[in-house]
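*Asks:* Please find start_5.txt (compact mmCIF, C-alpha atoms) on the next line:
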# COMPACT_ATOMS: atom_id res chain seq x y z
CA TRP A 20 79.66 -172.96 0.65
CA PRO A 21 76.27 -172.50 -1.11
CA VAL A 22 77.34 -169.10 -2.44
CA LEU A 23 80.77 -170.35 -3.51
CA ILE A 24 79.32 -173.40 -5.29
CA GLY A 25 76.62 -171.18 -6.82
CA LEU A 26 79.18 -168.77 -8.25
CA ILE A 27 81.20 -171.68 -9.66
CA MET A 28 78.03 -173.04 -11.28
CA ILE A 29 77.33 -169.65 -12.87
CA LEU A 30 80.79 -169.74 -14.45
CA PHE A 31 80.25 -173.35 -15.53
CA LEU A 32 76.86 -172.64 -17.13
CA LYS A 33 78.32 -169.70 -19.10
CA GLY A 34 75.29 -167.48 -19.48
CA GLN A 35 72.70 -170.27 -19.44
CA VAL A 36 71.30 -169.27 -16.04
CA VAL A 37 67.50 -169.39 -16.03
CA SER A 38 65.09 -167.50 -13.77
CA THR A 39 61.54 -166.17 -13.87
CA LYS A 40 60.28 -162.63 -13.72
CA TYR A 41 58.50 -163.37 -10.45
CA VAL A 42 61.69 -164.68 -8.82
CA ASN A 43 63.48 -161.54 -9.98
CA LEU A 44 60.64 -159.43 -8.58
CA SER A 45 60.85 -161.24 -5.23
CA PHE A 46 64.58 -160.55 -5.14
CA LEU A 47 64.02 -156.83 -5.81
CA ILE A 48 61.42 -156.70 -3.02
CA VAL A 49 63.88 -158.30 -0.59
CA LEU A 50 66.64 -155.99 -1.75
CA THR A 51 64.43 -152.95 -1.10
CA GLY A 52 63.52 -154.22 2.36
CA PHE A 53 67.15 -154.98 3.16
CA PHE A 54 68.39 -151.48 2.28
CA TRP A 55 65.52 -149.94 4.25
CA SER A 56 66.43 -152.13 7.21
CA LEU A 57 70.07 -151.13 6.75
CA ILE A 58 69.14 -147.50 7.42
CA LEU A 59 67.65 -148.51 10.79
CA THR A 60 70.61 -150.70 11.78
CA ASN A 61 72.68 -149.62 14.79
CA SER A 62 76.06 -150.38 13.22
CA ILE A 63 77.45 -151.84 10.01
CA ASP A 64 79.65 -154.79 10.92
CA PHE A 65 80.22 -158.48 10.21
CA PHE A 66 76.71 -159.31 11.41
CA THR A 67 75.30 -157.00 8.72
CA ILE A 68 77.47 -158.60 6.05
CA ARG A 69 76.31 -162.05 7.15
CA ALA A 70 72.67 -160.97 6.87
CA ALA A 71 73.29 -159.76 3.31
CA TYR A 72 74.96 -163.10 2.55
CA ASN A 73 71.96 -165.03 3.90
CA TYR A 74 69.46 -163.33 1.59
CA MET A 75 71.82 -163.39 -1.39
CA SER A 76 72.54 -167.10 -0.93
CA PHE A 77 68.82 -167.90 -0.83
CA PHE A 78 68.16 -166.42 -4.26
CA LEU A 79 71.46 -167.61 -5.69
CA VAL A 80 70.76 -171.23 -4.71
CA LEU A 81 67.14 -170.92 -5.92
CA VAL A 82 68.17 -169.64 -9.37
CA ILE A 83 71.07 -172.10 -9.77
CA PHE A 84 68.96 -175.13 -8.81
CA PHE A 85 66.11 -173.93 -11.04
CA THR A 86 68.66 -173.67 -13.86
CA ILE A 87 69.88 -177.22 -13.21
CA LEU A 88 66.29 -178.49 -13.27
CA HIS A 89 65.60 -176.59 -16.48
CA HIS A 90 68.63 -177.94 -18.36
CA TYR A 91 69.19 -181.39 -16.82
CA GLY A 92 66.01 -182.38 -14.99
CA PRO A 93 65.65 -183.33 -11.30
CA PRO A 94 68.89 -184.87 -9.91
CA ILE A 95 67.00 -187.12 -7.50
CA ASN A 96 69.58 -189.91 -7.44
CA LEU A 97 72.35 -187.44 -6.57
CA ILE A 98 70.24 -185.93 -3.76
CA LYS A 99 69.56 -189.41 -2.36
CA PHE A 100 73.24 -190.36 -2.63
CA ILE A 101 74.26 -187.29 -0.63
CA ASN A 102 71.53 -188.08 1.90
CA TYR A 103 72.97 -191.57 2.44
CA ILE A 104 76.45 -190.07 2.86
CA TRP A 105 75.05 -188.11 5.83
CA ILE A 106 73.64 -191.32 7.28
CA PHE A 107 76.92 -193.15 6.70
CA ALA A 108 78.78 -190.34 8.49
CA VAL A 109 76.80 -191.20 11.64
CA PHE A 110 78.31 -194.68 11.74
CA VAL A 111 81.76 -193.19 11.20
CA GLN A 112 81.05 -190.78 14.05
CA ALA A 113 80.01 -193.66 16.32
CA ILE A 114 83.21 -195.59 15.61
CA ALA A 115 85.71 -192.74 15.22
CA PRO A 116 84.17 -189.42 16.32
CA ASP A 117 87.46 -187.56 15.84
CA ILE A 118 87.23 -188.08 12.07
CA ILE A 119 83.87 -186.33 11.82
CA GLY A 120 84.94 -183.75 14.40
CA ALA A 121 87.86 -182.78 12.18
CA LEU A 122 85.46 -181.89 9.36
CA GLY A 123 83.62 -179.17 11.31
CA ASN A 124 82.80 -177.58 14.62
CA SER A 125 80.48 -180.01 16.35
CA ARG A 126 78.78 -178.36 19.33
CA SER A 127 77.26 -181.47 20.85
CA SER A 128 78.18 -184.78 22.40
CA VAL A 129 77.13 -188.14 20.99
CA GLU A 130 75.09 -188.73 24.17
CA ARG A 131 72.76 -185.88 23.13
CA GLY A 132 72.45 -187.19 19.58
CA PHE A 133 74.63 -187.68 16.53
CA THR A 134 75.49 -184.62 14.46
CA SER A 135 76.72 -186.38 11.29
CA LEU A 136 78.14 -183.63 9.03
CA ALA A 137 76.22 -180.86 10.83
CA SER A 138 77.30 -178.79 13.82
CA GLU A 139 74.59 -180.08 16.16
CA PRO A 140 71.84 -182.74 16.24
CA SER A 141 69.06 -180.26 15.42
CA ASN A 142 70.80 -179.20 12.21
CA PHE A 143 71.24 -182.87 11.29
CA ALA A 144 67.50 -183.34 11.81
CA TYR A 145 66.76 -180.27 9.66
CA TYR A 146 68.82 -181.72 6.84
CA LEU A 147 67.10 -185.13 6.96
CA ILE A 148 63.59 -183.68 7.04
CA PHE A 149 64.07 -181.11 4.29
CA SER A 150 66.00 -183.62 2.15
CA SER A 151 62.98 -185.92 2.22
CA LEU A 152 60.65 -183.01 1.48
CA LEU A 153 62.81 -181.95 -1.47
CA VAL A 154 62.71 -185.45 -2.96
CA LEU A 155 58.98 -185.65 -2.27
CA LYS A 156 58.39 -182.39 -4.14
CA LEU A 157 60.54 -183.51 -7.07
CA ARG A 158 58.46 -186.70 -7.24
CA ASN A 159 55.26 -184.64 -7.31
CA HIS A 160 54.32 -186.08 -3.88
CA ASN A 161 54.86 -189.70 -4.92
CA TRP A 162 56.24 -190.84 -1.54
CA ARG A 163 56.11 -194.53 -2.46
CA ALA A 164 58.91 -194.08 -5.03
CA ASP A 165 61.39 -193.25 -2.26
CA LEU A 166 59.75 -194.96 0.70
CA PHE A 167 63.01 -196.45 1.98
CA LEU A 168 64.70 -193.02 2.01
CA HIS A 169 61.83 -191.43 3.90
CA LEU A 170 61.70 -194.23 6.49
CA VAL A 171 65.46 -194.06 7.03
CA ASN A 172 65.31 -190.28 7.49
CA ILE A 173 62.39 -190.43 9.92
CA LEU A 174 64.04 -193.10 12.05
CA SER A 175 67.35 -191.21 11.91
CA VAL A 176 65.71 -188.03 13.20
CA ILE A 177 64.24 -189.94 16.14
CA PHE A 178 66.96 -192.41 17.07
CA LEU A 179 70.20 -190.91 15.68
CA ALA A 180 69.81 -187.14 15.82
CA MET A 181 67.53 -187.52 18.88
CA SER A 182 66.42 -183.94 18.30
CA SER A 183 63.38 -182.66 20.19
CA VAL A 184 62.85 -179.99 17.53
CA GLY A 185 63.15 -182.63 14.81
CA LEU A 186 60.52 -184.74 16.58
CA ILE A 187 58.16 -181.75 16.77
CA MET A 188 58.71 -181.11 13.05
CA LEU A 189 57.78 -184.73 12.25
CA LEU A 190 54.62 -184.41 14.33
CA VAL A 191 53.68 -181.20 12.50
CA ILE A 192 54.11 -182.94 9.13
CA ALA A 193 52.01 -185.88 10.35
CA LEU A 194 49.21 -183.61 11.59
CA VAL A 195 49.06 -181.67 8.30
CA TYR A 196 49.15 -184.94 6.33
CA PHE A 197 46.30 -186.50 8.31
CA PHE A 198 44.25 -183.30 8.06
CA ASN A 199 44.71 -183.45 4.30
CA ILE A 200 43.52 -187.07 4.31
CA ILE A 201 40.33 -186.12 6.17
CA LEU A 202 39.49 -183.46 3.58
CA THR A 203 40.34 -185.54 0.51
CA THR A 204 39.14 -189.05 1.46
CA LYS A 205 35.59 -189.99 0.51
CA PRO A 206 33.42 -190.94 2.25
CA LYS A 207 34.44 -188.78 5.21
CA LYS A 208 34.02 -191.69 7.62
CA VAL A 209 36.96 -193.44 5.98
CA GLY A 210 39.11 -190.33 6.38
CA ILE A 211 38.18 -190.03 10.04
CA GLY A 212 38.99 -193.73 10.51
CA ILE A 213 42.44 -193.22 8.97
CA LEU A 214 42.98 -190.24 11.26
CA LEU A 215 42.10 -192.30 14.34
CA ILE A 216 44.51 -195.04 13.27
CA GLY A 217 47.21 -192.40 12.83
CA VAL A 218 46.53 -190.94 16.28
CA VAL A 219 46.74 -194.39 17.88
CA CYS A 220 50.06 -195.07 16.09
CA VAL A 221 51.50 -191.74 17.27
CA ILE A 222 50.42 -192.40 20.87
CA LEU A 223 51.98 -195.90 20.81
CA LEU A 224 55.18 -194.51 19.30
CA LEU A 225 55.45 -191.80 21.95
CA ASN A 226 54.83 -194.32 24.75
CA PHE A 227 57.50 -196.75 23.58
CA MET A 228 60.00 -194.11 22.42
CA PRO A 229 61.51 -193.44 25.91
CA LEU A 230 62.39 -197.14 26.17
CA PHE A 231 64.58 -196.93 23.06
CA LEU A 232 65.98 -193.45 23.66
CA GLY A 233 67.07 -194.20 27.22
CA ASP A 234 68.46 -191.24 29.13
CA SER A 235 68.72 -188.94 26.09
CA ARG A 236 67.23 -185.47 26.26
CA VAL A 237 64.49 -186.15 23.72
CA GLY A 238 63.53 -189.33 25.61
CA TYR A 239 63.27 -187.28 28.80
CA LEU A 240 61.09 -184.65 27.08
CA VAL A 241 58.74 -187.28 25.63
CA LEU A 242 58.44 -188.93 29.04
CA GLN A 243 57.66 -185.59 30.71
CA ALA A 244 55.10 -184.76 28.02
CA LEU A 245 53.34 -188.08 28.70
CA LYS A 246 53.35 -187.56 32.47
CA GLU A 247 52.24 -183.92 32.47
CA ASN A 248 50.55 -181.36 30.25
CA PRO A 249 52.75 -181.15 27.11
CA LEU A 250 52.15 -177.38 26.96
CA LEU A 251 54.02 -177.02 30.26
CA LEU A 252 57.21 -178.01 28.43
CA LEU A 253 57.00 -174.78 26.44
CA LYS A 254 57.95 -172.94 29.61
CA ALA A 255 59.74 -175.62 31.64
CA ASP A 256 62.28 -176.70 29.02
CA ALA A 257 64.94 -174.02 28.51
CA SER A 258 65.73 -174.81 24.88
CA ILE A 259 62.10 -175.01 23.77
CA ASN A 260 61.26 -171.84 25.71
CA TYR A 261 64.12 -169.96 24.05
CA ARG A 262 63.15 -171.08 20.54
CA LEU A 263 59.51 -170.20 21.14
CA GLU A 264 60.62 -166.76 22.36
CA HIS A 265 62.25 -166.00 19.03
CA VAL A 266 59.16 -167.06 17.10
CA VAL A 267 56.82 -164.92 19.20
CA PHE A 268 59.12 -161.91 19.59
CA SER A 269 60.04 -161.71 15.89
CA PHE A 270 56.40 -161.60 14.77
CA HIS A 271 55.28 -159.41 17.66
CA GLY A 272 58.20 -157.06 17.02
CA ALA A 273 57.29 -156.81 13.33
CA PHE A 274 53.68 -156.03 14.31
CA ASN A 275 54.83 -153.31 16.71
CA ASN A 276 56.91 -151.84 13.87
CA TYR A 277 53.80 -151.79 11.64
CA PHE A 278 55.73 -154.19 9.38
CA ILE A 279 58.30 -151.54 8.58
CA PRO A 280 61.78 -153.16 8.35
CA GLY A 281 63.09 -153.40 11.90
CA GLY A 282 66.84 -153.12 11.39
CA ILE A 283 69.36 -155.91 11.03
CA ASP A 284 70.80 -155.85 14.55
CA THR A 285 67.94 -154.40 16.61
CA PHE A 286 66.20 -157.62 17.62
CA ALA A 287 68.02 -157.74 20.96
CA ASP A 288 66.76 -154.23 21.79
CA ILE A 289 63.09 -155.26 21.87
CA ARG A 290 63.49 -158.24 24.22
CA ASP A 291 63.05 -156.43 27.55
CA ASP A 292 59.88 -154.62 26.51
CA LEU A 293 58.27 -157.71 25.01
CA ASN A 294 59.31 -159.87 27.96
CA GLN A 295 57.44 -157.52 30.27
CA PHE A 296 54.40 -157.80 28.00
CA TYR A 297 54.47 -161.60 28.43
CA ASN A 298 55.08 -161.34 32.20
CA GLY A 299 58.46 -163.06 32.08
CA TYR A 300 57.10 -166.22 30.43
CA PHE A 301 60.26 -166.41 28.33
CA TRP A 302 62.92 -166.80 30.97
CA TRP A 303 65.84 -168.51 29.26
CA GLY A 304 68.65 -166.95 27.31
CA ARG A 305 69.95 -163.45 26.82
CA PRO A 306 69.15 -160.73 24.25
CA SER A 307 70.50 -161.80 20.88
CA LYS A 308 70.81 -160.12 17.51
CA ASN A 309 70.33 -163.51 15.85
CA ILE A 310 66.69 -164.42 15.22
CA GLN A 311 66.27 -168.16 15.83
CA CYS A 312 63.32 -168.43 13.46
CA TRP A 313 63.64 -168.62 9.67
CA LEU A 314 60.33 -166.93 8.91
CA GLY A 315 60.75 -164.51 11.80
CA ASP A 316 64.07 -163.38 10.36
CA TRP A 317 62.40 -162.40 7.07
CA ILE A 318 59.37 -160.80 8.73
CA TYR A 319 61.18 -158.77 11.42
CA ILE A 320 64.24 -157.59 9.47
CA LEU A 321 62.51 -157.05 6.11
CA GLY A 322 59.07 -156.18 7.46
CA GLY A 323 56.29 -156.04 4.90
CA PHE A 324 58.83 -156.50 2.11
CA GLY A 325 59.79 -159.89 3.50
CA PHE A 326 56.12 -160.83 3.88
CA LEU A 327 55.31 -159.85 0.26
CA SER A 328 58.36 -161.69 -1.05
CA LEU A 329 57.47 -164.87 0.85
CA ILE A 330 53.84 -164.73 -0.34
CA SER A 331 55.13 -164.36 -3.89
CA LEU A 332 57.53 -167.29 -3.51
CA PHE A 333 54.91 -169.59 -1.99
CA TYR A 334 52.43 -168.63 -4.72
CA GLN A 335 54.98 -169.26 -7.49
CA SER A 336 55.93 -172.63 -6.03
CA SER A 337 52.47 -174.09 -5.53
CA ASN A 338 50.66 -175.61 -8.52
CA GLY A 339 47.25 -174.89 -7.02
CA SER A 340 46.36 -178.46 -6.04
CA ARG A 341 45.14 -179.26 -2.55
CA GLN A 342 48.05 -181.64 -2.06
CA ASP A 343 50.56 -178.95 -2.97
CA PHE A 344 48.77 -176.45 -0.74
CA PHE A 345 49.16 -178.68 2.32
CA PHE A 346 52.75 -179.42 1.36
CA PHE A 347 53.67 -175.74 1.50
CA VAL A 348 51.60 -175.26 4.65
CA SER A 349 53.93 -177.85 6.19
CA ILE A 350 56.96 -175.98 4.84
CA ALA A 351 55.70 -172.69 6.31
CA LEU A 352 55.12 -174.27 9.74
CA LEU A 353 58.54 -175.95 9.71
CA LEU A 354 60.20 -172.63 8.92
CA LEU A 355 59.08 -171.31 12.29
CA VAL A 356 61.97 -173.24 13.87
CA ALA A 357 65.61 -172.15 14.02
CA VAL A 358 66.59 -173.35 10.56
CA PRO A 359 69.77 -171.47 9.50
CA PRO A 360 68.81 -168.56 7.20
CA ALA A 361 71.27 -169.71 4.51
CA PHE A 362 70.14 -173.36 4.64
CA PRO A 363 70.28 -174.37 0.94
CA LEU A 364 67.56 -177.03 0.86
CA ILE A 365 64.83 -174.43 1.41
CA PRO A 366 65.42 -172.44 -1.81
CA MET A 367 65.90 -175.77 -3.60
CA ILE A 368 62.37 -176.77 -2.54
CA PHE A 369 60.99 -173.47 -3.82
CA ALA A 370 62.90 -173.92 -7.10
CA SER A 371 61.44 -177.42 -7.42
CA GLY A 372 57.94 -176.04 -6.96
CA ILE A 373 58.45 -173.31 -9.56
CA TYR A 374 59.92 -175.81 -12.03
CA GLY A 375 57.16 -178.35 -11.40
CA LYS A 376 54.49 -175.70 -11.95
CA GLN A 377 55.99 -174.82 -15.33
CA LYS A 378 56.87 -178.34 -16.46
CA PRO A 379 54.71 -180.86 -14.58
CA ASP A 380 55.22 -183.50 -17.27
CA GLN A 381 58.98 -183.47 -16.68
CA ILE A 382 58.89 -183.57 -12.90
CA ASN A 383 56.39 -186.37 -12.31
CA PHE A 384 58.41 -189.51 -12.88
CA SER A 385 59.34 -192.45 -10.69
CA LYS A 386 62.49 -194.02 -12.10
Now, as a test, write the supplied structure out as structure tokens.
*Replies:*
Amino acid sequence: WPVLIGLIMILFLKGQVVSTKYVNLSFLIVLTGFFWSLILTNSIDFFTIRAAYNYMSFFLVLVIFFTILHHYGPPINLIKFINYIWIFAVFVQAIAPDIIGALGNSRSSVERGFTSLASEPSNFAYYLIFSSLLVLKLRNHNWRADLFLHLVNILSVIFLAMSSVGLIMLLVIALVYFFNIILTTKPKKVGIGILLIGVVCVILLLNFMPLFLGDSRVGYLVLQALKENPLLLLKADASINYRLEHVVFSFHGAFNNYFIPGGIDTFADIRDDLNQFYNGYFWWGRPSKNIQCWLGDWIYILGGFGFLSLISLFYQSSNGSRQDFFFFVSIALLLLVAVPPAFPLIPMIFASGIYGKQKPDQINFSK
């Protein structure tokens, strides 16, 4: 869908597509890495075509959204409207799940969390979190302007999607935010006081969360984390262990390849060797060609080319302020999870950063 809509937009804009030389350079770097990786691929098949689509859709969405921002300004109200449609779909799913099920291939039951218009609760959580981050970036970090949206999305991640990965992502954002407060608040004692208040709030939330989440999986995980060492869940919980495996193996595999592109379908081939290196710590799942880590996908498949392209994109998107730096640190940490490679909100956030860096007077508004 992102590629199809992007191509339609190109026809609609009739030659008015706008980009930057650095975006074009990043695309050429990725293209070089992709063709190099193609040489090392075991076989050219549908999986290879899908990989090409993923990278193409990223830059297509980035350029199209940057063009929209350039010609029409930030469509914040439209983004919020679509966000509320996703929330509304949850209530439809609760009343008549067959209606939502007919719109797509839902791979989860309501008992594990609502999926809304996504295929599973985790993807629903990804959408909510990155939707809020996109609006936040378009507001130049003015979170008060859309406080209701952000609160609704946070509560929906916890109590509707009930996604353990979504909960971890929220905690990562909170930690980065509080760390930023410590560094920016003067005097430092005030910043430390705010941090302590935040820590107390998080602890209270985690303690009361199992009461509201009942027998759901995320409620069980929170309860286990409170009873035992939370780090033990990294190995004990199958889903978390499998996701962590893809993060570690993709970066370790890229390092073993000396950051030379690793091939599009070779990720499964390195699992046995790396699993022996980690003494069987990663015990769940089978070898897979799919890399369940957004950043890991770029780093392993594209090697150093992916790394250089990402550095370029992050540099282009940040305006140099401390607040923007911590914002994109959060984005980088969140991209360690299994966000779909063609997920359109990610290039939209990068496009917003590039646009805001070029036209800060047009992006910082609160209507």
*Asks:* Excluding Phe149 in chain A and its own-chain neighbours fewer than 5 positions away, which residues fall within 10 Å of it when counting only C-alpha atoms? Please give them as a VMD selection string.
*Replies:* chain A and resid 144 154 to 155 172 350 353 362 to 365 367 to 368
*Asks:* Pick from A:Ile63, A:Val111, A:Ile148, A:Phe268: nearest to Ser135 in chain A, with only C-alpha atoms counted?
*Replies:*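 Counting only C-alpha atoms, the residue closest to Ser135 in chain A is A:Val111.
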*Asks:* Looking at A:Leu314, A:Val36, A:Val358, A:Val184, which one is nearest to Asp256 in chain A, with distances taken over all atoms listed in the file?
*Replies:*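 Residue with the minimum atom-to-atom distance to Asp256 in chain A: A:Val184.
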*Asks:* Quick one: pull the distance between CA of Tyr261 in chain A and CA of Trp303 in chain A, Å, one decimal.
*Replies:*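 Computing the Euclidean distance for CA of Tyr261 in chain A and CA of Trp303 in chain A yields 5.7 Å.
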*Asks:* May I have the residues within 12 Å of Trp55 in chain A as a ChimeraX atom specification, using all atoms listed in the file and disregarding those fewer than 5 positions away in the same chain?
*Replies:* /A:48-50,60,278-283,320-325
*Asks:* Closest to Phe286 in chain A among A:Ile119, A:Ala113, A:Val80, A:Ile310, using all atoms listed in the file?
*Replies:*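 Nearest to Phe286 in chain A: A:Ile310.
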*Asks:* CA of Asn73 in chain A to CA of Phe143 in chain A: how many Å, to one decimal?
*Replies:* 19.3 Å
*Asks:* Mind giving me the straight-line distance from CA of Ser349 in chain A to CA of Val195 in chain A in Å, one decimal?
*Replies:* 6.5 Å
*Asks:* Do you know which residues are at most 10 Å from range 186-189 of chain A counting all atoms listed in the file, after dropping those on the same chain fewer than 6 positions away, and could you put them as a PDB file with C-alpha atoms, in the frame of the given file?
*Replies:*
ATOM      1  CA  SER A 141      69.060-180.260  15.420  1.00  0.00           C
ATOM      2  CA  ALA A 144      67.500-183.340  11.810  1.00  0.00           C
ATOM      3  CA  TYR A 145      66.760-180.270   9.660  1.00  0.00           C
ATOM      4  CA  ILE A 148      63.590-183.680   7.040  1.00  0.00           C
ATOM      5  CA  ILE A 173      62.390-190.430   9.920  1.00  0.00           C
ATOM      6  CA  VAL A 176      65.710-188.030  13.200  1.00  0.00           C
ATOM      7  CA  ILE A 177      64.240-189.940  16.140  1.00  0.00           C
ATOM      8  CA  ALA A 180      69.810-187.140  15.820  1.00  0.00           C
ATOM      9  CA  VAL A 237      64.490-186.150  23.720  1.00  0.00           C
ATOM     10  CA  VAL A 241      58.740-187.280  25.630  1.00  0.00           C
ATOM     11  CA  SER A 349      53.930-177.850   6.190  1.00  0.00           C
ATOM     12  CA  ILE A 350      56.960-175.980   4.840  1.00  0.00           C
ATOM     13  CA  LEU A 352      55.120-174.270   9.740  1.00  0.00           C
ATOM     14  CA  LEU A 353      58.540-175.950   9.710  1.00  0.00           C
ATOM     15  CA  LEU A 354      60.200-172.630   8.920  1.00  0.00           C
ATOM     16  CA  LEU A 355      59.080-171.310  12.290  1.00  0.00           C
ATOM     17  CA  VAL A 356      61.970-173.240  13.870  1.00  0.00           C
TER      18      VAL A 356
END
*Asks:* Might you pull out every residue within 7 Å of Phe85 in chain A, with all atoms listed in the file counted and same-chain residues fewer than 4 positions away left off, and present them as a PyMOL selection string?
*Replies:* chain A and resi 37+81+89+370-371+374
*Asks:* Take the point (57.4, -181.6, -2.1) as written in the file and pick out every residue within 10 Å of it, counting only C-alpha atoms; give the list as an MDAnalysis selection string.
*Replies:* chainID A and resid 149:162 336:337 342:343 345:347 349:350 368:369 371:372 375
*Asks:* Which neighbours of Asn260 in chain A fall inside 12 Å, counting only C-alpha atoms, when residues of the same chain fewer than 3 positions from it are skipped, and could you give them as an mmCIF file with C-alpha atoms, in the coordinates of the input?
*Replies:*
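Dumped everything to around01.cif:
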data_model
loop_
_atom_site.group_PDB
_atom_site.id
_atom_site.type_symbol
_atom_site.label_atom_id
_atom_site.label_comp_id
_atom_site.auth_asym_id
_atom_site.auth_seq_id
_atom_site.Cartn_x
_atom_site.Cartn_y
_atom_site.Cartn_z
ATOM 1 C CA VAL A 184 62.850 -179.990 17.530
ATOM 2 C CA LEU A 250 52.150 -177.380 26.960
ATOM 3 C CA LEU A 251 54.020 -177.020 30.260
ATOM 4 C CA LEU A 252 57.210 -178.010 28.430
ATOM 5 C CA LEU A 253 57.000 -174.780 26.440
ATOM 6 C CA LYS A 254 57.950 -172.940 29.610
ATOM 7 C CA ALA A 255 59.740 -175.620 31.640
ATOM 8 C CA ASP A 256 62.280 -176.700 29.020
ATOM 9 C CA ALA A 257 64.940 -174.020 28.510
ATOM 10 C CA LEU A 263 59.510 -170.200 21.140
ATOM 11 C CA GLU A 264 60.620 -166.760 22.360
ATOM 12 C CA HIS A 265 62.250 -166.000 19.030
ATOM 13 C CA VAL A 266 59.160 -167.060 17.100
ATOM 14 C CA VAL A 267 56.820 -164.920 19.200
ATOM 15 C CA PHE A 268 59.120 -161.910 19.590
ATOM 16 C CA GLY A 299 58.460 -163.060 32.080
ATOM 17 C CA TYR A 300 57.100 -166.220 30.430
ATOM 18 C CA PHE A 301 60.260 -166.410 28.330
ATOM 19 C CA TRP A 302 62.920 -166.800 30.970
ATOM 20 C CA TRP A 303 65.840 -168.510 29.260
ATOM 21 C CA GLY A 304 68.650 -166.950 27.310
ATOM 22 C CA GLN A 311 66.270 -168.160 15.830
ATOM 23 C CA VAL A 356 61.970 -173.240 13.870
#
